[in-house]
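File shown here: entry-v3.cif, holding mmCIF, C-alpha atoms.
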data_work
#
loop_
_atom_site.label_atom_id
_atom_site.label_comp_id
_atom_site.auth_asym_id
_atom_site.auth_seq_id
_atom_site.Cartn_x
_atom_site.Cartn_y
_atom_site.Cartn_z
CA MET A 1 110.09 -201.31 61.20
CA PHE A 2 107.17 -199.66 62.77
CA MET A 3 107.57 -196.69 60.57
CA MET A 4 107.79 -198.92 57.55
CA SER A 5 104.54 -200.70 58.20
CA PHE A 6 102.73 -197.46 58.94
CA SER A 7 103.91 -195.92 55.79
CA ARG A 8 102.73 -198.88 53.75
CA GLN A 9 99.31 -198.87 55.34
CA SER A 10 98.82 -195.06 55.39
CA PRO A 11 96.88 -194.78 52.07
CA LEU A 12 94.34 -197.39 53.15
CA VAL A 13 93.89 -195.85 56.59
CA ALA A 14 93.49 -192.41 55.09
CA MET A 15 90.76 -193.60 52.76
CA THR A 16 88.96 -195.34 55.63
CA LEU A 17 89.15 -192.28 57.81
CA SER A 18 87.88 -190.07 54.98
CA LEU A 19 84.92 -192.35 54.34
CA MET A 20 83.98 -192.48 58.01
CA LEU A 21 84.25 -188.71 58.34
CA GLY A 22 82.06 -188.27 55.24
CA LEU A 23 79.39 -190.61 56.54
CA SER A 24 79.38 -188.91 59.92
CA ALA A 25 79.05 -185.52 58.33
CA GLY A 26 76.18 -186.78 56.14
CA LEU A 27 74.31 -188.24 59.11
CA ILE A 28 74.77 -185.05 61.09
CA GLY A 29 73.54 -183.03 58.12
CA CYS A 30 70.48 -185.22 57.70
CA ARG A 31 69.65 -184.89 61.37
CA GLN A 32 69.99 -181.18 61.18
CA GLU A 33 67.79 -181.05 58.05
CA ALA A 34 65.13 -183.26 59.62
CA GLY A 35 65.07 -181.25 62.74
CA SER A 36 64.67 -178.01 60.83
CA ALA A 37 61.75 -179.17 58.52
CA PRO A 38 58.67 -176.88 59.04
CA ALA A 39 55.38 -178.37 60.45
CA GLN A 40 52.39 -178.90 58.09
CA PRO A 41 50.08 -175.78 58.08
CA VAL A 42 46.58 -176.08 59.60
CA ALA A 43 43.88 -175.99 56.91
CA GLN A 44 41.66 -172.93 56.90
CA VAL A 45 37.95 -173.53 56.27
CA GLU A 46 34.97 -171.23 55.96
CA VAL A 47 32.01 -172.08 58.18
CA ILE A 48 28.52 -170.92 58.97
CA THR A 49 26.96 -171.09 62.41
CA VAL A 50 23.58 -172.82 62.32
CA ILE A 51 20.84 -170.45 63.55
CA PRO A 52 17.16 -171.51 63.80
CA GLN A 53 14.84 -169.55 61.51
CA THR A 54 11.16 -169.31 60.65
CA VAL A 55 10.69 -170.06 56.96
CA PRO A 56 7.68 -170.65 54.70
CA ASP A 57 6.64 -174.29 54.54
CA GLU A 58 5.22 -174.77 51.06
CA PRO A 59 4.76 -178.38 49.90
CA GLU A 60 4.37 -178.90 46.16
CA PHE A 61 2.44 -181.58 44.28
CA ILE A 62 1.44 -182.47 40.73
CA GLY A 63 -2.13 -181.42 39.95
CA GLU A 64 -4.61 -181.67 37.11
CA ALA A 65 -6.94 -178.90 36.01
CA GLU A 66 -10.65 -179.68 35.82
CA ALA A 67 -13.68 -177.68 34.77
CA SER A 68 -15.57 -176.42 37.78
CA ARG A 69 -18.86 -177.50 36.17
CA PRO A 70 -18.85 -180.12 33.39
CA VAL A 71 -22.52 -180.30 32.31
CA GLU A 72 -23.81 -183.03 30.01
CA ILE A 73 -26.51 -181.89 27.60
CA ARG A 74 -29.20 -184.57 27.28
CA PRO A 75 -32.62 -184.35 25.62
CA GLN A 76 -35.67 -184.35 27.88
CA VAL A 77 -37.89 -185.73 25.10
CA THR A 78 -37.51 -188.38 22.42
CA GLY A 79 -37.59 -186.99 18.92
CA ILE A 80 -35.79 -186.01 15.73
CA ILE A 81 -33.16 -183.25 15.82
CA THR A 82 -34.02 -180.60 13.27
CA GLN A 83 -31.31 -178.06 14.15
CA ALA A 84 -27.93 -177.94 15.92
CA VAL A 85 -27.24 -174.22 16.12
CA PHE A 86 -24.24 -173.65 18.43
CA PRO A 87 -20.57 -172.96 17.49
CA GLU A 88 -18.65 -176.10 18.40
CA GLY A 89 -15.59 -175.75 20.61
CA ARG A 90 -16.34 -172.14 21.48
CA GLU A 91 -17.85 -170.26 24.35
CA VAL A 92 -21.59 -170.19 24.88
CA LYS A 93 -23.64 -168.17 27.35
CA LYS A 94 -26.37 -169.38 29.63
CA GLY A 95 -29.66 -169.53 27.68
CA ASP A 96 -28.06 -169.79 24.21
CA ARG A 97 -29.93 -172.08 21.78
CA LEU A 98 -28.20 -175.40 21.17
CA TYR A 99 -30.65 -177.89 19.55
CA GLN A 100 -34.16 -177.95 18.19
CA ILE A 101 -36.13 -181.19 18.26
CA ASP A 102 -39.10 -181.48 15.94
CA PRO A 103 -41.95 -179.87 17.96
CA VAL A 104 -44.93 -180.99 15.85
CA PRO A 105 -45.80 -184.19 17.78
CA PHE A 106 -45.57 -182.28 21.06
CA GLN A 107 -47.72 -179.45 19.78
CA ALA A 108 -50.36 -182.01 18.89
CA ALA A 109 -50.11 -183.58 22.35
CA ALA A 110 -50.56 -180.18 23.98
CA GLY A 111 -53.63 -179.48 21.81
CA SER A 112 -55.14 -182.85 22.73
CA ALA A 113 -54.57 -182.13 26.45
CA LYS A 114 -56.33 -178.80 26.13
CA ALA A 115 -59.33 -180.52 24.48
CA LYS A 116 -59.50 -183.01 27.35
CA ILE A 117 -59.56 -180.15 29.81
CA ALA A 118 -62.52 -178.61 27.98
CA GLU A 119 -64.34 -181.92 27.99
CA ALA A 120 -63.67 -182.43 31.70
CA ASN A 121 -64.93 -178.93 32.46
CA ALA A 122 -68.18 -179.67 30.61
CA ARG A 123 -68.71 -182.88 32.55
CA LEU A 124 -68.04 -181.11 35.83
CA VAL A 125 -70.63 -178.46 35.01
CA GLN A 126 -73.14 -181.12 34.11
CA ALA A 127 -72.48 -183.07 37.30
CA ARG A 128 -72.85 -180.00 39.50
CA GLN A 129 -76.17 -179.11 37.85
CA HIS A 130 -77.48 -182.64 38.34
CA LEU A 131 -76.47 -182.61 42.01
CA ALA A 132 -78.18 -179.27 42.50
CA ARG A 133 -81.44 -180.72 41.14
CA VAL A 134 -81.29 -183.93 43.19
CA LYS A 135 -80.63 -182.39 46.62
CA PRO A 136 -84.06 -180.66 47.10
CA LEU A 137 -85.93 -183.68 45.68
CA LEU A 138 -84.53 -185.87 48.42
CA ALA A 139 -86.13 -183.65 51.06
CA GLU A 140 -89.50 -184.14 49.30
CA GLN A 141 -88.76 -187.87 49.06
CA ALA A 142 -89.07 -187.64 45.27
CA VAL A 143 -85.72 -189.42 44.85
CA SER A 144 -83.91 -192.01 46.91
CA GLN A 145 -80.72 -191.58 48.89
CA LYS A 146 -78.95 -193.65 46.26
CA ASP A 147 -79.83 -191.11 43.59
CA LEU A 148 -78.22 -188.37 45.69
CA ASP A 149 -75.13 -190.48 46.33
CA ASP A 150 -74.77 -191.15 42.60
CA ALA A 151 -74.99 -187.43 41.85
CA VAL A 152 -72.25 -186.64 44.43
CA ALA A 153 -70.01 -189.37 43.01
CA GLU A 154 -70.58 -188.07 39.49
CA GLU A 155 -69.41 -184.60 40.54
CA LEU A 156 -66.27 -185.99 42.22
CA ALA A 157 -65.44 -188.06 39.13
CA ALA A 158 -65.79 -184.99 36.92
CA LYS A 159 -63.40 -183.06 39.18
CA ALA A 160 -60.87 -185.91 38.98
CA LEU A 161 -61.09 -186.01 35.19
CA LEU A 162 -60.48 -182.26 35.05
CA GLN A 163 -57.46 -182.56 37.33
CA GLY A 164 -56.02 -185.37 35.18
CA ALA A 165 -56.53 -183.39 32.00
CA ARG A 166 -54.73 -180.41 33.50
CA ALA A 167 -51.77 -182.63 34.51
CA GLU A 168 -51.67 -184.06 31.00
CA LEU A 169 -51.53 -180.54 29.58
CA MET A 170 -48.72 -179.62 31.98
CA LYS A 171 -46.67 -182.61 30.74
CA ALA A 172 -47.42 -181.83 27.11
CA GLU A 173 -46.35 -178.21 27.54
CA PHE A 174 -43.20 -179.30 29.37
CA ASP A 175 -42.29 -181.64 26.52
CA LEU A 176 -43.04 -178.96 23.94
CA LYS A 177 -40.86 -176.46 25.77
CA ASN A 178 -37.99 -178.95 25.93
CA THR A 179 -37.94 -179.49 22.20
CA LEU A 180 -35.75 -176.37 22.27
CA ILE A 181 -32.53 -177.23 24.16
CA THR A 182 -30.63 -174.25 25.60
CA ALA A 183 -27.36 -173.90 27.52
CA PRO A 184 -27.95 -174.30 31.29
CA ILE A 185 -24.59 -172.62 32.07
CA GLY A 186 -21.99 -170.54 30.28
CA GLY A 187 -18.66 -172.07 29.27
CA LEU A 188 -16.75 -173.87 26.55
CA ILE A 189 -18.83 -176.35 24.59
CA GLU A 190 -17.57 -179.55 23.00
CA ARG A 191 -18.39 -180.67 19.49
CA SER A 192 -21.86 -182.08 18.91
CA ARG A 193 -22.25 -185.84 18.99
CA TYR A 194 -25.56 -185.77 17.09
CA TYR A 195 -26.74 -183.70 14.16
CA GLU A 196 -29.90 -182.99 12.11
CA GLY A 197 -32.08 -185.98 11.31
CA ARG A 198 -30.86 -188.09 14.24
CA LEU A 199 -33.41 -189.69 16.54
CA VAL A 200 -32.41 -189.10 20.17
CA SER A 201 -33.84 -190.70 23.30
CA ALA A 202 -35.04 -188.77 26.32
CA GLN A 203 -32.52 -188.61 29.20
CA THR A 204 -30.27 -191.20 27.54
CA ASP A 205 -28.18 -189.75 24.75
CA VAL A 206 -25.46 -187.20 25.58
CA LEU A 207 -25.64 -184.57 22.87
CA THR A 208 -22.58 -182.55 23.97
CA VAL A 209 -20.84 -181.26 27.13
CA ILE A 210 -20.36 -177.70 28.39
CA HIS A 211 -17.35 -176.97 30.62
CA ARG A 212 -17.44 -173.99 32.95
CA VAL A 213 -13.78 -172.93 32.94
CA ASP A 214 -13.98 -169.80 35.06
CA PRO A 215 -13.28 -170.61 37.80
CA MET A 216 -11.24 -173.78 37.33
CA TYR A 217 -10.46 -176.57 39.76
CA VAL A 218 -6.99 -178.04 40.26
CA VAL A 219 -7.03 -181.49 41.86
CA ALA A 220 -3.94 -182.97 43.55
CA SER A 221 -3.35 -186.17 45.49
CA VAL A 222 -1.54 -185.86 48.83
CA PRO A 223 0.09 -189.10 50.12
CA GLU A 224 -1.04 -190.40 53.49
CA SER A 225 2.55 -190.27 54.81
CA VAL A 226 2.75 -186.53 54.09
CA ILE A 227 -0.61 -185.93 55.81
CA LEU A 228 0.42 -187.83 58.94
CA LYS A 229 3.81 -186.12 59.21
CA ARG A 230 2.20 -182.74 58.78
CA ARG A 231 -0.31 -183.45 61.53
CA HIS A 232 2.50 -184.47 63.89
CA ASP A 233 4.48 -181.30 63.06
CA ILE A 234 1.42 -179.13 63.69
CA ASP A 235 0.69 -180.88 66.99
CA GLU A 236 4.33 -180.45 68.07
CA LYS A 237 4.26 -176.76 67.08
CA LYS A 238 6.94 -177.28 64.45
CA ILE A 239 4.62 -175.76 61.86
CA GLN A 240 2.45 -172.67 62.24
CA HIS A 241 -0.82 -173.60 60.53
CA PRO A 242 -3.57 -170.97 59.97
CA GLY A 243 -6.20 -173.58 59.13
CA LEU A 244 -6.84 -175.85 56.17
CA TYR A 245 -9.20 -173.56 54.31
CA GLN A 246 -6.93 -170.54 54.84
CA LEU A 247 -4.23 -172.06 52.63
CA ARG A 248 -3.60 -170.65 49.16
CA GLY A 249 -2.40 -172.31 45.98
CA VAL A 250 0.26 -171.13 43.51
CA LEU A 251 0.54 -172.81 40.11
CA THR A 252 3.59 -173.46 37.94
CA LEU A 253 2.71 -174.22 34.33
CA ILE A 254 4.45 -176.75 32.11
CA ASP A 255 6.72 -174.07 30.60
CA GLY A 256 7.99 -173.09 34.05
CA SER A 257 6.01 -169.85 34.28
CA THR A 258 3.98 -168.95 37.36
CA TYR A 259 0.22 -168.62 36.91
CA ALA A 260 -0.90 -165.06 37.59
CA HIS A 261 -3.79 -165.86 39.96
CA GLU A 262 -3.71 -167.52 43.37
CA GLY A 263 -6.18 -170.25 44.24
CA ALA A 264 -8.22 -170.90 47.37
CA MET A 265 -8.53 -174.26 49.10
CA ASP A 266 -11.99 -175.59 48.30
CA LEU A 267 -12.17 -179.23 49.37
CA LEU A 268 -10.19 -181.98 51.11
CA GLU A 269 -11.78 -185.35 50.43
CA PRO A 270 -12.75 -186.99 53.74
CA GLY A 271 -11.49 -190.46 52.81
CA LEU A 272 -8.34 -192.02 51.39
CA GLN A 273 -8.17 -193.50 47.91
CA THR A 274 -7.47 -197.16 48.57
CA GLU A 275 -5.58 -197.71 45.31
CA THR A 276 -3.07 -194.90 45.95
CA GLY A 277 -3.19 -194.31 49.71
CA SER A 278 -3.71 -190.58 49.21
CA ARG A 279 -6.36 -187.90 49.71
CA LYS A 280 -7.61 -185.61 46.98
CA VAL A 281 -7.33 -181.86 47.44
CA LEU A 282 -9.33 -179.43 45.32
CA VAL A 283 -8.27 -175.79 44.85
CA THR A 284 -10.29 -173.15 42.98
CA PHE A 285 -8.49 -170.75 40.61
CA PRO A 286 -9.85 -167.76 38.67
CA ASN A 287 -9.43 -168.30 34.93
CA PRO A 288 -10.49 -165.08 33.17
CA ASP A 289 -8.04 -165.52 30.28
CA ARG A 290 -8.89 -169.19 29.73
CA LEU A 291 -5.22 -170.11 30.25
CA LEU A 292 -6.14 -173.18 32.28
CA LEU A 293 -7.92 -175.94 30.38
CA PRO A 294 -9.47 -179.25 31.50
CA GLY A 295 -6.91 -182.05 31.64
CA GLN A 296 -3.91 -179.73 31.92
CA PHE A 297 -1.11 -180.87 34.28
CA VAL A 298 0.46 -178.29 36.58
CA LYS A 299 2.54 -178.03 39.76
CA ILE A 300 0.63 -176.65 42.72
CA ARG A 301 2.39 -175.19 45.75
CA PHE A 302 0.44 -174.60 48.95
CA THR A 303 1.28 -171.39 50.82
CA GLY A 304 0.27 -170.13 54.24
CA ASP A 305 2.12 -172.51 56.58
CA SER A 306 5.52 -171.66 58.11
CA LYS A 307 8.12 -173.88 59.77
CA THR A 308 9.57 -172.69 63.06
CA ASP A 309 13.14 -173.43 64.26
CA ALA A 310 14.19 -174.42 60.75
CA LEU A 311 17.91 -175.14 60.20
CA LEU A 312 19.20 -174.02 56.78
CA ILE A 313 22.69 -174.54 55.35
CA PRO A 314 24.12 -173.91 51.85
CA GLN A 315 23.62 -176.79 49.46
CA ARG A 316 27.34 -177.13 48.73
CA ALA A 317 27.97 -177.90 52.42
CA VAL A 318 26.02 -181.16 52.12
CA LEU A 319 28.17 -184.00 50.76
CA GLN A 320 27.20 -187.48 49.69
CA GLY A 321 28.84 -190.46 51.38
CA PRO A 322 28.42 -194.25 51.25
CA THR A 323 25.68 -194.10 53.90
CA GLY A 324 23.97 -190.96 52.65
CA PRO A 325 24.34 -187.18 52.99
CA PHE A 326 26.71 -185.75 55.59
CA VAL A 327 28.39 -182.48 56.56
CA TYR A 328 31.67 -181.52 58.21
CA VAL A 329 31.26 -179.78 61.57
CA VAL A 330 34.02 -177.97 63.45
CA GLY A 331 34.02 -179.15 67.05
CA PRO A 332 34.92 -177.16 70.18
CA ASP A 333 38.54 -178.41 69.93
CA GLU A 334 38.82 -177.03 66.38
CA THR A 335 38.88 -180.47 64.80
CA ILE A 336 36.60 -181.87 62.11
CA GLU A 337 33.67 -184.14 62.86
CA MET A 338 31.67 -185.90 60.12
CA ARG A 339 27.93 -185.66 60.83
CA ASP A 340 25.19 -187.61 59.02
CA VAL A 341 22.17 -185.42 58.21
CA VAL A 342 18.68 -185.69 56.77
CA ALA A 343 18.02 -182.93 54.22
CA SER A 344 14.33 -182.68 53.37
CA ASP A 345 13.77 -179.73 51.06
CA TRP A 346 15.43 -176.95 49.11
CA LYS A 347 14.89 -173.35 50.09
CA GLY A 348 16.46 -171.33 47.29
CA SER A 349 20.18 -172.24 47.44
CA GLN A 350 19.94 -173.88 50.87
CA TRP A 351 19.02 -177.27 52.28
CA LEU A 352 16.46 -177.58 55.03
CA ILE A 353 18.00 -180.00 57.55
CA GLU A 354 15.53 -182.18 59.43
CA ARG A 355 17.98 -184.18 61.56
CA GLY A 356 21.68 -184.27 62.34
CA LEU A 357 22.38 -180.64 63.27
CA LYS A 358 21.51 -178.35 66.15
CA ALA A 359 21.62 -174.63 66.79
CA GLY A 360 25.17 -173.34 67.19
CA ASP A 361 26.89 -176.02 65.09
CA ARG A 362 29.63 -174.67 62.82
CA VAL A 363 29.26 -176.29 59.41
CA VAL A 364 32.10 -176.23 56.87
CA VAL A 365 31.04 -174.64 53.59
CA ASN A 366 34.33 -173.93 51.78
CA GLY A 367 37.51 -175.99 52.09
CA VAL A 368 35.95 -179.44 52.40
CA MET A 369 38.50 -180.94 49.94
CA LYS A 370 41.39 -180.18 52.34
CA ILE A 371 40.01 -181.86 55.45
CA GLY A 372 38.81 -185.13 56.92
CA PRO A 373 37.45 -186.44 60.20
CA GLY A 374 39.69 -185.52 63.12
CA ALA A 375 41.77 -183.01 61.17
CA PRO A 376 42.67 -179.76 62.97
CA VAL A 377 41.44 -176.67 61.18
CA LYS A 378 41.28 -172.93 61.45
CA ALA A 379 37.61 -171.94 61.13
CA VAL A 380 36.67 -168.51 59.81
CA PRO A 381 33.18 -167.18 59.04
CA LEU A 382 31.95 -167.68 55.50
CA GLY A 383 33.12 -164.83 53.26
CA ALA A 384 35.70 -163.54 55.75
CA THR A 385 38.75 -164.70 53.77
CA GLY A 386 40.36 -162.43 51.21
CA PRO A 387 41.35 -163.34 47.64
CA ALA A 388 43.50 -166.43 47.25
CA PRO A 389 47.27 -165.96 46.76
CA GLY A 390 48.12 -165.24 43.14
CA THR A 391 44.71 -163.75 42.38
CA PRO A 392 45.32 -160.71 40.13
CA LEU A 393 44.30 -157.43 41.65
CA PRO A 394 41.72 -155.31 39.83
CA PRO A 395 43.21 -152.59 37.62
CA ALA A 396 43.70 -149.22 39.24
CA ARG A 397 41.17 -146.59 38.37
CA PRO A 398 42.59 -143.64 36.47
CA HIS A 399 42.75 -140.34 38.35
CA GLY A 400 41.31 -137.16 37.06
#
Represent the structure contained in this file as structure tokens.
Amino acid sequence: MFMMSFSRQSPLVAMTLSLMLGLSAGLIGCRQEAGSAPAQPVAQVEVITVIPQTVPDEPEFIGEAEASRPVEIRPQVTGIITQAVFPEGREVKKGDRLYQIDPVPFQAAAGSAKAKIAEANARLVQARQHLARVKPLLAEQAVSQKDLDDAVAEELAAKALLQGARAELMKAEFDLKNTLITAPIGGLIERSRYYEGRLVSAQTDVLTVIHRVDPMYVVASVPESVILKRRHDIDEKKIQHPGLYQLRGVLTLIDGSTYAHEGAMDLLEPGLQTETGSRKVLVTFPNPDRLLLPGQFVKIRFTGDSKTDALLIPQRAVLQGPTGPFVYVVGPDETIEMRDVVASDWKGSQWLIERGLKAGDRVVVNGVMKIGPGAPVKAVPLGATGPAPGTPLPPARPHG
């Protein structure tokens, strides 16, 4: 009976045993597979070691070109313009004729002044002769003291009249001379604002303007914040400064080209402009080819200063995060640390780092996409890795 019941149940038991054996074998296989899975490889990154350097410190600003001497041409006498003889918009030399004002009234005034001088001379001669006659008569009591006093006064009055006539002649000759208006300086002259037949008033009407364009001035405005920071850096020996008036200027024109001539610092305005909170700086540039013109906008870079202990890193090492720029730094335990930085200026292909790094830090340059804060890495110097796997080798050079 026992045999009978076993035989009836044997197919079911066999299936159960087979299933259990299969599941056990699967679990054992999974455990063996999990135990044999390889560990994740440590990411390799390329780093640079931050080393302090001395680099040029060359701030750049927007500037505007100005004529070094803009001279307004005004008449010194009131009269009618009879000639305007200069080439408008071109270059004139010092002493070139510009305008002629009708000289006839001034010639007449000069002639009248000369006649008054002659008359005053005659009166002076007469007064001196009268005084010479009166003086000996007083000793003989032939005339009174009053007669002598009148003769002396008459001589003094004649001298005064002569002096006045001479001054009147000087003024008349000055006016006559200034009927011809000449260029007081050389430079580019604007178009004339008055022409022949126009009545112009002395020292009032502006006839034209001459611009001396060699040399030229470039004027830039430097913000107060930049001035204060620069003073602090100089005081703390972060910047080597040769002196304000030892600085030089380099211009970049609107087409991106560099102006061929360097400029010299000429003036730093003593006070701030209240509307902009900045100080004006004036730099003088040679302009022999007349490439700079009044009103032209340029970029001006000041050279001569240098920054000591500057920290430079490649631009691609600086990333942008929610709170601002940051870099990845490899710590002593070969793990990644995220470091916020302040990058102030570009130096070629590198950022100048003001805060956030120190000498000796290892900054990740290549491989930043494979890492994050706290990740273990293998750091190698920048450029030390070979070509990536799968990179085709260069073709072999033929022999012979």
Using the chain letters and residue numbers of this document, give as a ChimeraX atom specification the residues selected by the PyMOL selection byres ((chain A and resi 251-264) around 7). /A:247-250,265-266,283-286,298-301
At a cut-off of 8 Å, using all atoms listed in the file, what residues contact A:Leu282? Leave out same-chain residues fewer than 5 positions from it and give the result as a PyMOL selection string. chain A and resi 217-220+265-268
Interatomic distance between atom CA of A:Gln246 and atom CA of A:Leu272?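 So the two atoms, atom CA of A:Gln246 and atom CA of A:Leu272, lie 21.8 Å apart.
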Using all atoms listed in the file, list the residues that have an atom at most 10 Å from (-2.5, -185.5, 53.4), coordinates as in the file, as a PyMOL selection string. chain A and resi 221-231+268-269+272+277-281
Starting from the displayed file, determine the output of the PyMOL selection byres ((chain A and resi 144-152) around 8) and express the residue list as a PyMOL selection string. chain A and resi 127+130-131+134-135+138+141-143+153-156
When the PyMOL selection byres ((chain A and resi 168) around 12) is applied to the structure above, which residues does it catch, written out as a ChimeraX atom specification? /A:106,109-117,161-167,169-175
Give me a file of those residues, with C-alpha atoms, as a PDB file, keeping the file's coordinate frame.
ATOM      1  CA  PHE A 106     -45.570-182.280  21.060  1.00  0.00           C
ATOM      2  CA  ALA A 109     -50.110-183.580  22.350  1.00  0.00           C
ATOM      3  CA  ALA A 110     -50.560-180.180  23.980  1.00  0.00           C
ATOM      4  CA  GLY A 111     -53.630-179.480  21.810  1.00  0.00           C
ATOM      5  CA  SER A 112     -55.140-182.850  22.730  1.00  0.00           C
ATOM      6  CA  ALA A 113     -54.570-182.130  26.450  1.00  0.00           C
ATOM      7  CA  LYS A 114     -56.330-178.800  26.130  1.00  0.00           C
ATOM      8  CA  ALA A 115     -59.330-180.520  24.480  1.00  0.00           C
ATOM      9  CA  LYS A 116     -59.500-183.010  27.350  1.00  0.00           C
ATOM     10  CA  ILE A 117     -59.560-180.150  29.810  1.00  0.00           C
ATOM     11  CA  LEU A 161     -61.090-186.010  35.190  1.00  0.00           C
ATOM     12  CA  LEU A 162     -60.480-182.260  35.050  1.00  0.00           C
ATOM     13  CA  GLN A 163     -57.460-182.560  37.330  1.00  0.00           C
ATOM     14  CA  GLY A 164     -56.020-185.370  35.180  1.00  0.00           C
ATOM     15  CA  ALA A 165     -56.530-183.390  32.000  1.00  0.00           C
ATOM     16  CA  ARG A 166     -54.730-180.410  33.500  1.00  0.00           C
ATOM     17  CA  ALA A 167     -51.770-182.630  34.510  1.00  0.00           C
ATOM     18  CA  LEU A 169     -51.530-180.540  29.580  1.00  0.00           C
ATOM     19  CA  MET A 170     -48.720-179.620  31.980  1.00  0.00           C
ATOM     20  CA  LYS A 171     -46.670-182.610  30.740  1.00  0.00           C
ATOM     21  CA  ALA A 172     -47.420-181.830  27.110  1.00  0.00           C
ATOM     22  CA  GLU A 173     -46.350-178.210  27.540  1.00  0.00           C
ATOM     23  CA  PHE A 174     -43.200-179.300  29.370  1.00  0.00           C
ATOM     24  CA  ASP A 175     -42.290-181.640  26.520  1.00  0.00           C
TER      25      ASP A 175
END
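Taking atom CA of A:Pro381 and atom CA of A:Ser344 as the two end points, the separation is 25.1 Å.
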Write out N, CA and C atoms for stretch 122-138 of chain A, as a compact mmCIF listing (two decimals), keeping the file's coordinate frame.
# COMPACT_ATOMS: atom_id res chain seq x y z
N ALA A 122 -66.76 -179.50 30.98
CA ALA A 122 -68.18 -179.67 30.61
C ALA A 122 -68.84 -180.74 31.49
N ARG A 123 -68.14 -181.82 31.72
CA ARG A 123 -68.71 -182.88 32.55
C ARG A 123 -68.88 -182.41 34.00
N LEU A 124 -67.94 -181.60 34.46
CA LEU A 124 -68.04 -181.11 35.83
C LEU A 124 -69.24 -180.18 35.97
N VAL A 125 -69.47 -179.36 34.97
CA VAL A 125 -70.63 -178.46 35.01
C VAL A 125 -71.92 -179.28 35.03
N GLN A 126 -71.96 -180.29 34.18
CA GLN A 126 -73.14 -181.12 34.11
C GLN A 126 -73.40 -181.86 35.44
N ALA A 127 -72.34 -182.35 36.04
CA ALA A 127 -72.48 -183.07 37.30
C ALA A 127 -72.96 -182.15 38.42
N ARG A 128 -72.44 -180.95 38.45
CA ARG A 128 -72.85 -180.00 39.50
C ARG A 128 -74.33 -179.62 39.33
N GLN A 129 -74.76 -179.45 38.09
CA GLN A 129 -76.17 -179.11 37.85
C GLN A 129 -77.08 -180.26 38.28
N HIS A 130 -76.67 -181.48 37.96
CA HIS A 130 -77.48 -182.64 38.34
C HIS A 130 -77.58 -182.76 39.85
N LEU A 131 -76.44 -182.53 40.55
CA LEU A 131 -76.47 -182.61 42.01
C LEU A 131 -77.37 -181.53 42.60
N ALA A 132 -77.34 -180.36 41.99
CA ALA A 132 -78.18 -179.27 42.50
C ALA A 132 -79.66 -179.60 42.34
N ARG A 133 -80.02 -180.36 41.33
CA ARG A 133 -81.44 -180.72 41.14
C ARG A 133 -81.84 -181.83 42.12
N VAL A 134 -80.93 -182.76 42.40
CA VAL A 134 -81.29 -183.93 43.19
C VAL A 134 -81.44 -183.59 44.67
N LYS A 135 -80.63 -182.68 45.19
CA LYS A 135 -80.63 -182.39 46.62
C LYS A 135 -82.02 -181.97 47.15
N PRO A 136 -82.74 -181.02 46.54
CA PRO A 136 -84.06 -180.66 47.10
C PRO A 136 -85.11 -181.77 46.93
N LEU A 137 -84.96 -182.61 45.89
CA LEU A 137 -85.93 -183.68 45.68
C LEU A 137 -85.86 -184.73 46.78
N LEU A 138 -84.65 -184.89 47.35
CA LEU A 138 -84.53 -185.87 48.42
C LEU A 138 -85.32 -185.42 49.64
